[in-house]
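One structure is given below, encoded as structure tokens.
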Amino acid sequence: MKFKVRQYVSPGVVILGGCTLCLSMQLQAEGLFRWVDKDGAVHYSDNVPPEFSQDGHSQLSKQGLTLKQVAPAKSTEQVREEEWLQSLEEKRKERDRQQERTDSLLLNSYASVEELDRFNDERFATLKANYAQLVMLRDKLRQERTELEAKLETEDSKAIRNQLEGFLATNQQNLGEYETAISQNRLEEEKLKDEALTMRERYLYLSEKYAARTLKDSQGD
């Protein structure tokens with residue numbers, strides 16, 4: 001590795017030296033900056049040239065000890081990567097905070113797992129009651145459609161036929177809406193099953209964790 005000692009007196013005026021003795025004398029005489037050029041040569045001078053100021057350097061004491069280490073300026077890619085990693089970390093922390101809020105709400109909302117089960121059972125019962133009501137109304141629409149179609153087949157009056165066709169169109173629209181509502185109800189019940197199971201498992205875990213911590217604290221006292 002090449003070493004060069006440079007003293008920048010003024011722009012364009014450079015005093016060069018290359019021997020180890022000169023380097024030692026220079027370090028003892030005054031504080032220096034150590035920097036490396038693009039060719040890998042190490043330089044010592046009383047200031048860092050502007051064109052190398054972003055490449056990193058060391059500030060040395062009069063005894064040649066490192067006082068300050070200045071890292072190279074980060075590239076655009078490095079800055080973007082750090083910002084991306086920081087964004088991920090902030091999102092992770094926010095998820096953790098949200099989980100803590102959810103856990104606290106779950107524990108404070110139910111005195112026991114049995115109470116939680118009763119709450120979810122009531123939700124299931126409501127969904128099942130809604131399902132039964134939707135199916136009943138859907139079946140009535142189907143029966144109505146059958147009757148309208150039968151009347152349309154035997155009706156000769158054009159005016160009445162037009163009226164029946166309008167009723168059938170409305171019936172078909174309503175029937176489609178009820179079929180959609182029934183499908184959504186079934187999906188909600190499946191979702192509720194998963195949600196209820198997850199809530200129950202989480203509640204038991206948190207309850208056991210809280211009980212263990214309480215026992216440990218009491219033993220510590």
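Convention: chains lettered A, B, ... in structure tokens order; per-chain residue numbering from 1; ligands numbered from 1 as shown.
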*asked:* Residues near Glu147 in chain A, anyone? I mean within 12 Å using only C-alpha atoms, not counting same-chain ones fewer than 4 positions away, as JSON, numbers by chain.
replied: {"A": [140, 141, 142, 143, 151, 152, 153, 154, 164, 167, 168, 171]}
Could you write out the selected residues, including N, CA and C atoms, as a PDB file, in the first residue's frame?
ATOM      1  N   LYS A 140     -90.282 -18.823  -0.466  1.00  0.00           N
ATOM      2  CA  LYS A 140     -91.541 -18.171  -0.840  1.00  0.00           C
ATOM      3  C   LYS A 140     -91.436 -17.540  -2.228  1.00  0.00           C
ATOM      4  N   LEU A 141     -90.289 -16.949  -2.504  1.00  0.00           N
ATOM      5  CA  LEU A 141     -90.079 -16.355  -3.827  1.00  0.00           C
ATOM      6  C   LEU A 141     -90.070 -17.430  -4.906  1.00  0.00           C
ATOM      7  N   ARG A 142     -89.489 -18.576  -4.592  1.00  0.00           N
ATOM      8  CA  ARG A 142     -89.487 -19.673  -5.559  1.00  0.00           C
ATOM      9  C   ARG A 142     -90.924 -20.140  -5.833  1.00  0.00           C
ATOM     10  N   GLN A 143     -91.709 -20.271  -4.771  1.00  0.00           N
ATOM     11  CA  GLN A 143     -93.099 -20.684  -4.934  1.00  0.00           C
ATOM     12  C   GLN A 143     -93.874 -19.649  -5.740  1.00  0.00           C
ATOM     13  N   LYS A 151     -99.394 -19.097 -14.384  1.00  0.00           N
ATOM     14  CA  LYS A 151    -100.408 -18.150 -14.861  1.00  0.00           C
ATOM     15  C   LYS A 151    -100.044 -17.607 -16.236  1.00  0.00           C
ATOM     16  N   LEU A 152     -98.739 -17.361 -16.431  1.00  0.00           N
ATOM     17  CA  LEU A 152     -98.300 -16.808 -17.711  1.00  0.00           C
ATOM     18  C   LEU A 152     -98.567 -17.777 -18.852  1.00  0.00           C
ATOM     19  N   GLU A 153     -98.462 -19.072 -18.595  1.00  0.00           N
ATOM     20  CA  GLU A 153     -98.669 -20.075 -19.638  1.00  0.00           C
ATOM     21  C   GLU A 153    -100.128 -20.138 -20.094  1.00  0.00           C
ATOM     22  N   THR A 154    -101.032 -19.825 -19.190  1.00  0.00           N
ATOM     23  CA  THR A 154    -102.466 -19.957 -19.519  1.00  0.00           C
ATOM     24  C   THR A 154    -103.152 -18.628 -19.807  1.00  0.00           C
ATOM     25  N   LEU A 164     -97.601  -9.879 -15.753  1.00  0.00           N
ATOM     26  CA  LEU A 164     -97.009 -11.087 -15.159  1.00  0.00           C
ATOM     27  C   LEU A 164     -95.505 -11.158 -15.433  1.00  0.00           C
ATOM     28  N   PHE A 167     -93.799  -8.928 -13.054  1.00  0.00           N
ATOM     29  CA  PHE A 167     -93.716  -9.560 -11.740  1.00  0.00           C
ATOM     30  C   PHE A 167     -92.598 -10.607 -11.701  1.00  0.00           C
ATOM     31  N   LEU A 168     -92.481 -11.362 -12.790  1.00  0.00           N
ATOM     32  CA  LEU A 168     -91.438 -12.393 -12.861  1.00  0.00           C
ATOM     33  C   LEU A 168     -90.041 -11.780 -12.836  1.00  0.00           C
ATOM     34  N   ASN A 171     -89.397 -10.720  -9.368  1.00  0.00           N
ATOM     35  CA  ASN A 171     -89.190 -11.925  -8.574  1.00  0.00           C
ATOM     36  C   ASN A 171     -87.780 -12.471  -8.782  1.00  0.00           C
TER      37      ASN A 171
END
*Take CA of Ile160 in chain A and CA of Gln173 in chain A and report the distance between them in Å, one decimal.*
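Between CA of Ile160 in chain A and CA of Gln173 in chain A the gap is 20.1 Å.
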*Exercise: Gln163 in chain A partners within 12 Å, only C-alpha atoms, chain neighbours under 5 positions left out, as a count of residues only*: 10
For Pro72 in chain A, list every protein, DNA or RNA residue within 9 Å, evaluated using only C-alpha atoms, and leave out those in the same chain fewer than 4 positions away; present the list as a PDB file with C-alpha atoms, in the first residue's frame.
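Final output, around_34.pdb:
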ATOM      1  CA  SER A  53     -14.473  14.450   1.188  1.00  0.00           C
ATOM      2  CA  GLN A  54     -17.359  12.026   0.518  1.00  0.00           C
ATOM      3  CA  ASP A  55     -15.136   8.922   0.454  1.00  0.00           C
ATOM      4  CA  GLY A  56     -14.486   8.701   4.191  1.00  0.00           C
ATOM      5  CA  HIS A  57     -11.425   9.688   6.208  1.00  0.00           C
TER       6      HIS A  57
END
*Expressed in Å to a single decimal, how great is the separation between CA of Leu32 in chain A and CA of Pro49 in chain A?*
12.6 Å
*CA of His43 in chain A and CA of Thr76 in chain A, how far apart in Å?*
26.7 Å
*asked:* So that I can check the surroundings of Leu192 in chain A, please list as a PyMOL selection string every protein, DNA and RNA residue that reaches within 12 Å of it, counting only C-alpha atoms and ignoring chain neighbours fewer than 5 positions away.
replied: chain A and resi 119-128+185-187+197-200
Using only C-alpha atoms, please write the residues we just selected to a file, as a short mmCIF file (atom, residue, chain, number, x, y, z; two decimals), in the first residue's frame.
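Ended up saving to selection_35.cif:
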data_model
loop_
_atom_site.label_atom_id
_atom_site.label_comp_id
_atom_site.auth_asym_id
_atom_site.auth_seq_id
_atom_site.Cartn_x
_atom_site.Cartn_y
_atom_site.Cartn_z
CA PHE A 119 -70.59 -14.78 23.51
CA ASN A 120 -69.58 -16.70 20.39
CA ASP A 121 -72.50 -19.11 20.78
CA GLU A 122 -74.85 -16.12 20.69
CA ARG A 123 -73.20 -14.93 17.49
CA PHE A 124 -73.67 -18.36 15.93
CA ALA A 125 -77.32 -18.42 17.02
CA THR A 126 -77.93 -15.02 15.41
CA LEU A 127 -76.38 -16.16 12.13
CA LYS A 128 -78.41 -19.37 12.13
CA ASN A 185 -74.42 -15.85 5.61
CA ARG A 186 -72.74 -19.23 5.11
CA LEU A 187 -69.38 -17.55 4.54
CA LEU A 197 -61.41 -20.79 17.65
CA THR A 198 -58.60 -18.25 17.34
CA MET A 199 -60.10 -16.07 20.08
CA ARG A 200 -60.49 -19.05 22.39
#
